[in-house]
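Chemist: Enclosed is the structure file input_11.pdb (PDB, C-alpha atoms).
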```pdb
ATOM      1  CA  MET A 876      43.698 -28.156 -79.222
ATOM      2  CA  ASN A 877      42.301 -29.746 -82.472
ATOM      3  CA  LYS A 878      38.707 -29.679 -83.725
ATOM      4  CA  LEU A 879      37.947 -33.239 -82.531
ATOM      5  CA  THR A 880      39.031 -32.409 -79.001
ATOM      6  CA  LEU A 881      36.908 -29.256 -79.027
ATOM      7  CA  MET A 882      33.850 -31.219 -80.189
ATOM      8  CA  ILE A 883      34.292 -33.875 -77.499
ATOM      9  CA  THR A 884      34.718 -31.192 -74.852
ATOM     10  CA  ALA A 885      31.547 -29.425 -76.012
ATOM     11  CA  VAL A 886      29.512 -32.663 -75.981
ATOM     12  CA  VAL A 887      30.711 -33.581 -72.479
ATOM     13  CA  ALA A 888      29.916 -30.083 -71.220
ATOM     14  CA  ALA A 889      26.430 -30.285 -72.718
ATOM     15  CA  LEU A 890      25.808 -33.670 -71.095
ATOM     16  CA  ILE A 891      26.956 -32.359 -67.702
ATOM     17  CA  THR A 892      24.745 -29.277 -68.028
ATOM     18  CA  GLY A 893      21.787 -31.430 -69.021
ATOM     19  CA  CYS A 894      22.298 -33.724 -66.036
ATOM     20  CA  LYS A 895      22.505 -30.774 -63.657
ATOM     21  CA  SER A 896      19.398 -29.233 -65.171
ATOM     22  CA  GLY A 897      17.524 -32.522 -64.854
ATOM     23  CA  ASN A 898      18.609 -32.918 -61.246
ATOM     24  CA  ASN A 899      17.486 -29.373 -60.425
ATOM     25  CA  ASP A 900      14.090 -30.046 -61.982
ATOM     26  CA  ASN A 901      13.716 -33.207 -59.908
ATOM     27  CA  ASN A 902      14.691 -31.329 -56.722
ATOM     28  CA  LYS A 903      12.144 -28.576 -57.271
ATOM     29  CA  THR A 904       9.223 -29.997 -55.305
ATOM     30  CA  GLU A 905       6.719 -27.304 -54.549
ATOM     31  CA  ARG A 906       4.780 -27.819 -51.318
ATOM     32  CA  THR A 907       1.004 -27.782 -51.490
ATOM     33  CA  GLU A 908      -0.933 -26.513 -48.506
ATOM     34  CA  ASP A 909      -3.715 -28.739 -47.171
ATOM     35  CA  LEU A 910      -6.653 -26.370 -47.531
ATOM     36  CA  GLN A 911      -9.146 -28.978 -46.356
ATOM     37  CA  ALA A 912      -7.240 -29.370 -43.075
ATOM     38  CA  LYS A 913      -7.202 -25.595 -42.694
ATOM     39  CA  LYS A 914     -10.949 -25.508 -43.255
ATOM     40  CA  LEU A 915     -11.501 -28.145 -40.552
ATOM     41  CA  LEU A 916      -9.462 -26.044 -38.114
ATOM     42  CA  GLN A 917     -11.715 -22.981 -38.373
ATOM     43  CA  GLY A 918     -13.448 -22.041 -35.109
ATOM     44  CA  ILE A 919     -12.665 -21.951 -31.388
ATOM     45  CA  TRP A 920     -10.713 -24.815 -29.834
ATOM     46  CA  VAL A 921     -10.883 -25.843 -26.173
ATOM     47  CA  ASP A 922      -8.645 -28.053 -24.030
ATOM     48  CA  SER A 923     -10.512 -31.352 -23.752
ATOM     49  CA  ASP A 924      -9.514 -31.917 -20.108
ATOM     50  CA  GLU A 925      -9.773 -28.488 -18.474
ATOM     51  CA  GLU A 926     -12.202 -26.935 -20.984
ATOM     52  CA  ASN A 927     -10.083 -23.795 -21.269
ATOM     53  CA  VAL A 928     -10.143 -21.863 -24.530
ATOM     54  CA  VAL A 929      -6.779 -22.335 -26.245
ATOM     55  CA  PHE A 930      -7.160 -20.421 -29.512
ATOM     56  CA  LYS A 931      -9.495 -19.352 -32.279
ATOM     57  CA  VAL A 932      -8.830 -19.945 -35.960
ATOM     58  CA  LYS A 933     -10.229 -17.577 -38.544
ATOM     59  CA  GLY A 934      -8.975 -17.712 -42.099
ATOM     60  CA  ASP A 935      -5.230 -18.216 -42.056
ATOM     61  CA  THR A 936      -4.731 -16.680 -38.574
ATOM     62  CA  ILE A 937      -4.672 -18.102 -35.042
ATOM     63  CA  TYR A 938      -5.895 -15.804 -32.247
ATOM     64  CA  TYR A 939      -5.272 -16.276 -28.516
ATOM     65  CA  PRO A 940      -7.581 -15.189 -25.686
ATOM     66  CA  ASP A 941      -4.567 -13.743 -23.860
ATOM     67  CA  SER A 942      -4.558 -10.014 -24.646
ATOM     68  CA  LEU A 943      -0.742  -9.910 -24.782
ATOM     69  CA  SER A 944      -0.320 -12.748 -27.279
ATOM     70  CA  GLN A 945      -0.075 -11.653 -30.875
ATOM     71  CA  PRO A 946      -2.192 -13.326 -33.605
ATOM     72  CA  VAL A 947      -0.079 -15.535 -35.834
ATOM     73  CA  ARG A 948      -0.465 -16.715 -39.426
ATOM     74  CA  PHE A 949      -0.392 -20.462 -39.999
ATOM     75  CA  ALA A 950      -0.411 -23.094 -42.703
ATOM     76  CA  ILE A 951      -0.797 -26.877 -42.783
ATOM     77  CA  TYR A 952       1.494 -28.970 -44.943
ATOM     78  CA  GLY A 953       0.967 -32.714 -44.762
ATOM     79  CA  ASP A 954       0.719 -33.650 -41.099
ATOM     80  CA  THR A 955       2.433 -30.506 -39.812
ATOM     81  CA  LEU A 956       0.966 -27.277 -38.456
ATOM     82  CA  GLU A 957       3.369 -24.426 -39.195
ATOM     83  CA  MET A 958       3.014 -21.140 -37.322
ATOM     84  CA  GLN A 959       4.621 -18.418 -39.359
ATOM     85  CA  ASN A 960       5.900 -16.181 -36.559
ATOM     86  CA  SER A 961       9.474 -15.048 -35.998
ATOM     87  CA  ASN A 962      10.475 -18.543 -34.807
ATOM     88  CA  GLU A 963       8.892 -20.637 -37.619
ATOM     89  CA  SER A 964       7.272 -23.036 -35.133
ATOM     90  CA  LYS A 965       6.155 -26.477 -36.353
ATOM     91  CA  TYR A 966       3.839 -28.968 -34.630
ATOM     92  CA  ALA A 967       3.133 -32.561 -35.659
ATOM     93  CA  ILE A 968      -0.586 -33.244 -36.136
ATOM     94  CA  ILE A 969      -1.686 -36.563 -34.578
ATOM     95  CA  LYS A 970      -5.418 -36.526 -35.330
ATOM     96  CA  GLN A 971      -7.785 -34.069 -36.975
ATOM     97  CA  SER A 972     -11.493 -34.014 -37.672
ATOM     98  CA  ALA A 973     -14.273 -31.432 -37.651
ATOM     99  CA  HIS A 974     -14.504 -31.597 -33.845
ATOM    100  CA  LEU A 975     -11.137 -32.989 -32.733
ATOM    101  CA  PHE A 976      -7.569 -31.715 -33.088
ATOM    102  CA  GLU A 977      -4.559 -33.439 -31.529
ATOM    103  CA  PHE A 978      -0.953 -32.306 -31.941
ATOM    104  CA  LYS A 979       2.422 -32.497 -30.232
ATOM    105  CA  ASN A 980       3.640 -29.350 -28.510
ATOM    106  CA  GLN A 981       7.239 -28.156 -28.145
ATOM    107  CA  ASN A 982       7.734 -30.475 -25.153
ATOM    108  CA  GLY A 983       6.629 -33.541 -27.111
ATOM    109  CA  ASP A 984       3.362 -33.795 -25.162
ATOM    110  CA  VAL A 985       0.153 -34.580 -27.027
ATOM    111  CA  VAL A 986      -2.403 -31.771 -26.719
ATOM    112  CA  LYS A 987      -6.003 -32.794 -27.315
ATOM    113  CA  LEU A 988      -8.443 -30.052 -28.320
ATOM    114  CA  VAL A 989     -12.158 -30.178 -29.089
ATOM    115  CA  LYS A 990     -14.257 -27.687 -31.035
ATOM    116  CA  GLY A 991     -15.838 -25.173 -28.651
ATOM    117  CA  GLU A 992     -19.575 -24.837 -29.211
ATOM    118  CA  ASP A 993     -20.429 -22.405 -26.390
ATOM    119  CA  PRO A 994     -21.157 -18.968 -27.977
ATOM    120  CA  THR A 995     -19.830 -17.197 -24.871
ATOM    121  CA  TYR A 996     -16.307 -18.368 -25.786
ATOM    122  CA  GLU A 997     -16.241 -15.635 -28.411
ATOM    123  CA  LEU A 998     -16.297 -12.999 -25.662
ATOM    124  CA  GLN A 999     -12.761 -13.996 -24.688
ATOM    125  CA  PHE A1000     -11.533 -12.625 -28.010
ATOM    126  CA  ALA A1001     -13.089  -9.188 -27.656
ATOM    127  CA  PRO A1002     -10.555  -6.359 -28.148
ATOM    128  CA  LYS A1003      -8.530  -5.691 -24.995
ATOM    129  CA  LYS A1004      -6.233  -2.836 -24.163
ATOM    130  CA  MET A1005      -2.579  -3.843 -24.200
ATOM    131  CA  THR A1006      -0.610  -3.276 -21.017
ATOM    132  CA  SER A1007       2.936  -2.041 -20.848
ATOM    133  CA  VAL A1008       5.792  -1.706 -18.421
ATOM    134  CA  ASN A1009       5.409   1.271 -16.064
ATOM    135  CA  GLN A1010       1.654   1.216 -16.764
ATOM    136  CA  ASN A1011       2.068   3.454 -19.787
ATOM    137  CA  LYS A1012       2.599   6.467 -17.537
ATOM    138  CA  THR A1013       5.191   9.217 -17.535
ATOM    139  CA  LEU A1014       7.262   8.919 -14.361
ATOM    140  CA  LYS A1015       9.347  11.776 -12.957
ATOM    141  CA  SER A1016      12.065  11.944 -10.325
ATOM    142  CA  ASP A1017      13.767  15.077  -8.973
ATOM    143  CA  SER A1018      16.747  15.001  -6.617
ATOM    144  CA  VAL A1019      19.078  17.599  -5.175
ATOM    145  CA  VAL A1020      22.550  16.252  -4.370
ATOM    146  CA  PHE A1021      25.950  17.619  -3.395
ATOM    147  CA  CYS A1022      28.918  16.734  -5.573
ATOM    148  CA  ALA A1023      32.401  18.308  -5.433
ATOM    149  CA  ASN A1024      31.056  20.596  -2.691
ATOM    150  CA  GLU A1025      28.490  22.002  -5.115
ATOM    151  CA  ARG A1026      24.736  21.614  -5.275
ATOM    152  CA  TYR A1027      23.318  19.787  -8.329
ATOM    153  CA  HIS A1028      19.791  19.079  -9.462
ATOM    154  CA  SER A1029      19.222  15.649 -11.033
ATOM    155  CA  TYR A1030      16.091  15.214 -13.130
ATOM    156  CA  ILE A1031      14.846  11.840 -14.516
ATOM    157  CA  GLN A1032      11.739  11.303 -16.634
ATOM    158  CA  VAL A1033      10.526   7.917 -17.966
ATOM    159  CA  ASN A1034       8.612   8.424 -21.216
ATOM    160  CA  PRO A1035       6.489   5.592 -22.653
ATOM    161  CA  THR A1036       6.799   5.004 -26.384
ATOM    162  CA  LYS A1037       4.843   3.139 -29.046
ATOM    163  CA  TYR A1038       7.864   0.975 -29.821
ATOM    164  CA  LYS A1039       6.753  -2.640 -29.418
ATOM    165  CA  VAL A1040       8.831  -5.258 -27.630
ATOM    166  CA  TYR A1041       7.977  -8.878 -28.364
ATOM    167  CA  LYS A1042       8.624 -11.539 -25.751
ATOM    168  CA  THR A1043       8.470 -15.153 -26.905
ATOM    169  CA  SER A1044       7.072 -17.645 -24.413
ATOM    170  CA  TYR A1045       4.973 -20.795 -24.203
ATOM    171  CA  ASN A1046       1.390 -20.930 -22.985
ATOM    172  CA  ASN A1047      -0.068 -23.693 -20.818
ATOM    173  CA  ASP A1048      -0.585 -25.893 -23.860
ATOM    174  CA  GLY A1049       3.042 -25.651 -24.974
ATOM    175  CA  LEU A1050       2.293 -23.373 -27.895
ATOM    176  CA  ASP A1051       4.834 -20.774 -28.929
ATOM    177  CA  VAL A1052       3.267 -17.302 -28.422
ATOM    178  CA  GLU A1053       4.541 -13.754 -28.601
ATOM    179  CA  ASN A1054       3.581 -11.263 -25.902
ATOM    180  CA  ILE A1055       3.705  -7.579 -26.656
ATOM    181  CA  TYR A1056       4.922  -4.723 -24.454
ATOM    182  CA  PHE A1057       5.963  -1.118 -25.023
ATOM    183  CA  ASP A1058       9.444   0.229 -24.458
ATOM    184  CA  ASN A1059      10.436   3.498 -22.765
ATOM    185  CA  THR A1060      12.904   6.256 -23.367
ATOM    186  CA  ILE A1061      14.340   7.939 -20.276
ATOM    187  CA  HIS A1062      15.531  11.526 -20.062
ATOM    188  CA  VAL A1063      18.326  12.376 -17.642
ATOM    189  CA  GLY A1064      19.158  16.018 -16.972
ATOM    190  CA  ILE A1065      21.702  17.513 -14.557
ATOM    191  CA  PHE A1066      21.750  21.191 -13.655
ATOM    192  CA  LYS A1067      24.040  23.353 -11.541
ATOM    193  CA  GLN A1068      21.832  26.231 -10.496
ATOM    194  CA  GLN A1069      20.448  27.407 -13.880
ATOM    195  CA  ALA A1070      23.271  25.970 -15.979
ATOM    196  CA  ARG A1071      22.645  22.679 -17.743
ATOM    197  CA  VAL A1072      25.523  20.253 -17.174
ATOM    198  CA  PHE A1073      24.086  17.188 -18.943
ATOM    199  CA  SER A1074      21.003  16.277 -20.959
ATOM    200  CA  LYS A1075      20.237  13.046 -22.821
ATOM    201  CA  ASP A1076      17.317  10.840 -23.842
ATOM    202  CA  PHE A1077      18.385   7.238 -23.252
ATOM    203  CA  ALA A1078      16.964   4.361 -25.314
ATOM    204  CA  LYS A1079      17.750   0.700 -24.778
ATOM    205  CA  SER A1080      19.876   0.716 -27.940
ATOM    206  CA  ASP A1081      22.356   2.885 -26.011
ATOM    207  CA  PHE A1082      23.204  -0.190 -23.938
ATOM    208  CA  ALA A1083      23.733  -2.638 -26.812
ATOM    209  CA  LYS A1084      27.451  -2.786 -26.024
ATOM    210  CA  PHE A1085      26.790  -4.141 -22.549
ATOM    211  CA  VAL A1086      23.747  -6.413 -22.996
ATOM    212  CA  PRO A1087      23.482  -9.576 -25.170
ATOM    213  CA  ALA A1088      21.522  -8.960 -28.365
ATOM    214  CA  ASP A1089      18.925 -11.694 -27.711
ATOM    215  CA  PHE A1090      18.215 -10.308 -24.251
ATOM    216  CA  LEU A1091      18.096  -6.716 -25.469
ATOM    217  CA  LYS A1092      15.549  -7.617 -28.139
ATOM    218  CA  GLN A1093      13.029  -8.874 -25.565
ATOM    219  CA  SER A1094      13.805  -6.376 -22.810
ATOM    220  CA  VAL A1095      12.353  -3.010 -21.844
ATOM    221  CA  LEU A1096      14.326  -0.022 -20.562
ATOM    222  CA  SER A1097      12.386   0.034 -17.315
ATOM    223  CA  ASP A1098      14.029   2.780 -15.263
ATOM    224  CA  ILE A1099      17.138   4.817 -14.511
ATOM    225  CA  ILE A1100      17.765   5.678 -10.878
ATOM    226  CA  LEU A1101      20.252   7.953  -9.127
ATOM    227  CA  THR A1102      22.320   5.855  -6.710
ATOM    228  CA  GLY A1103      24.689   8.464  -5.265
ATOM    229  CA  THR A1104      27.705  10.701  -5.847
ATOM    230  CA  SER A1105      31.467  10.531  -5.364
ATOM    231  CA  SER A1106      34.088  13.258  -5.751
ATOM    232  CA  ASN A1107      32.990  14.880  -9.056
ATOM    233  CA  THR A1108      30.627  12.188 -10.416
ATOM    234  CA  LEU A1109      26.913  11.408 -10.215
ATOM    235  CA  HIS A1110      26.147   7.671 -10.347
ATOM    236  CA  TYR A1111      23.068   6.123 -11.973
ATOM    237  CA  GLU A1112      21.775   2.632 -12.708
ATOM    238  CA  ALA A1113      19.896   1.742 -15.883
ATOM    239  CA  GLN A1114      17.528  -1.191 -15.455
ATOM    240  CA  LEU A1115      16.811  -3.330 -18.514
ATOM    241  CA  ALA A1116      14.321  -6.086 -17.741
ATOM    242  CA  ILE A1117      12.405  -8.788 -19.559
ATOM    243  CA  PRO A1118       8.731  -8.218 -18.629
ATOM    244  CA  ASP A1119       7.029 -10.701 -16.296
ATOM    245  CA  SER A1120      10.314 -12.270 -15.256
ATOM    246  CA  TYR A1121      13.025 -11.855 -12.657
ATOM    247  CA  VAL A1122      15.732 -11.509 -15.321
ATOM    248  CA  SER A1123      17.366  -8.110 -15.765
ATOM    249  CA  TYR A1124      20.608  -6.361 -16.576
ATOM    250  CA  ILE A1125      21.912  -3.370 -14.620
ATOM    251  CA  VAL A1126      24.201  -0.941 -16.425
ATOM    252  CA  ASN A1127      26.107   1.671 -14.423
ATOM    253  CA  ILE A1128      25.998   5.220 -15.767
ATOM    254  CA  ASP A1129      28.540   7.720 -14.476
ATOM    255  CA  ILE A1130      28.246  11.426 -15.345
ATOM    256  CA  ASN A1131      30.875  13.826 -14.054
ATOM    257  CA  THR A1132      30.424  17.497 -13.304
ATOM    258  CA  ASP A1133      31.839  18.372 -16.750
ATOM    259  CA  GLY A1134      28.987  16.449 -18.369
ATOM    260  CA  LYS A1135      31.128  13.532 -19.552
ATOM    261  CA  LEU A1136      29.367  10.165 -19.700
ATOM    262  CA  SER A1137      30.777   6.676 -19.097
ATOM    263  CA  MET A1138      29.033   3.329 -18.705
ATOM    264  CA  ASN A1139      29.890  -0.184 -17.565
ATOM    265  CA  ILE A1140      28.020  -3.370 -16.786
ATOM    266  CA  GLN A1141      27.224  -4.053 -13.150
ATOM    267  CA  LYS A1142      28.808  -7.311 -11.980
TER     268      LYS A1142
END
```
Written as structure tokens, that's how I'd like the structure from this file.

Modeler:
Amino acid sequence: MNKLTLMITAVVAALITGCKSGNNDNNKTERTEDLQAKKLLQGIWVDSDEENVVFKVKGDTIYYPDSLSQPVRFAIYGDTLEMQNSNESKYAIIKQSAHLFEFKNQNGDVVKLVKGEDPTYELQFAPKKMTSVNQNKTLKSDSVVFCANERYHSYIQVNPTKYKVYKTSYNNDGLDVENIYFDNTIHVGIFKQQARVFSKDFAKSDFAKFVPADFLKQSVLSDIILTGTSSNTLHYEAQLAIPDSYVSYIVNIDINTDGKLSMNIQK
């Protein structure tokens, strides 16, 4: 390759690099948050038709009167309200003023809110104790069963934890909210007279192989129950449920008299 060819190649490369750089600069459009719109949104907002409190805005956070719904950070860009939760929810703003806020919910319906002036509305946002599955209590179950012509003692204890489970749902106004619950661990012990045959603390992660990941994320390990025996095996059912719904998965747990564990999904 001669010097002229090298020079031409270098010039062309420089031009291409310059074009790419210019294009990148043009594509870098930094969004600017509408702080005035955020300021107008401060306060308590009420459904204009039913006069129910929908949410309170303070700073850059939206609070719900429902004790299970988690506060969520938000921002306003252009004509869009963006809730910065795990789902990155966005809502088109139709109208906004100091005393009126209209937006489209997830269903495409227009929600009309008015600024709540009644000072008693604030009481709905007073701190409330969160509830959890199994009422945050330790539950115990003792059973004596016969298996392989021998007497066995089965012991089950449901232990509440501080591990939070978030369930995504929509409130009456079509807003995406996250409800919070607490998961459990469950101890299963099997004894033959004084000898321990089996002992394990089950967590819902132990059932990840049998339950879809999206379901498992929002579910609570609610209970494990002894369902019976056969030949040399004790049979249990693990119940994984999404709180406040009828949806659940049942996983069969089989533990033989040698302490060996096997599991399969209940069909």

Chemist: Could you tell me, as a ChimeraX atom specification, which residues have any atom at most 12 Å from (-10.6, -21.5, -40.0), counting all atoms listed in the file?

Modeler: /A:910-920,930-938,948-951,973,990

Chemist: Compare A:His1110, A:Arg1071, A:Lys1084, A:Lys1092 by their minimum atom-to-atom distance to Asp1133 in chain A, counting only C-alpha atoms, and give me the closest one.

Modeler: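 Smallest distance to Asp1133 in chain A is found for A:Arg1071.
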
Chemist: To one decimal place, how far is CA of Thr1060 in chain A from CA of Pro946 in chain A in Å?

Modeler: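 Computing the Euclidean distance for CA of Thr1060 in chain A and CA of Pro946 in chain A yields 26.8 Å.
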
Chemist: Got a sec to resolve the PyMOL selection byres ((chain A and resi 1058) around 7) on this structure and send the residues as a PyMOL selection string?

Modeler: chain A and resi 1035-1036+1038-1040+1056-1057+1059+1095-1096

Chemist: My list of candidates is A:Leu956, A:Val1033, A:Leu1050, A:Val929. Which is closest to Val989 in chain A when distances are computed with only C-alpha atoms?

Modeler: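 Closest residue, counting only C-alpha atoms: A:Val929.
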
Chemist: One number please: CA of Ile968 in chain A to CA of Asp984 in chain A, in Å, one decimal.

Modeler: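 If I compute the distance from CA of Ile968 in chain A to CA of Asp984 in chain A, I get 11.7 Å.
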
Chemist: From the options A:Ala1070, A:Thr955, A:Val1020, A:Val1086, which residue's atoms come nearest to Thr1108 in chain A, counting all atoms listed in the file?

Modeler: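 Ranked by minimum distance to Thr1108 in chain A, first place goes to A:Val1020.
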
Chemist: Dig up all the protein and nucleic acid residues within 7 Å of (18.5, 8.5, -24.6) in the file frame, using only C-alpha atoms, and format them as a ChimeraX atom specification.

Modeler: /A:1060-1062,1075-1078,1081

Chemist: Check the smallest atom-to-atom distance from each of A:Asp909, A:Asp1119, A:Phe1073, A:Lys1015 to Asp1098 in chain A using all atoms listed in the file, then report the winner.

Modeler: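 With all atoms listed in the file as the atom set, the closest residue is A:Lys1015.
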
Chemist: Name the closest residue to Ile1117 in chain A among the candidates A:Tyr996, A:Phe1066, A:Phe1082, A:Tyr1041; distances are taken between atoms, counting all atoms listed in the file.

Modeler: A:Tyr1041

Chemist: For each of A:Pro1118, A:Gly1134, A:Gly1103, A:Gly991, take the minimum atom-to-atom distance to Leu1091 in chain A, counting only C-alpha atoms, then give the residue where this is smallest.

Modeler: A:Pro1118

Chemist: Which residues, named as in the file, does the PyMOL selection byres ((chain A and resi 966) around 8) pick out? Answer as a PyMOL selection string.

Modeler: chain A and resi 955-957+964-965+967-968+978-981

Chemist: To one decimal place, how far is CA of Tyr1121 in chain A from CA of Ser1137 in chain A in Å?

Modeler: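 Between these atoms lies a distance of 26.5 Å.
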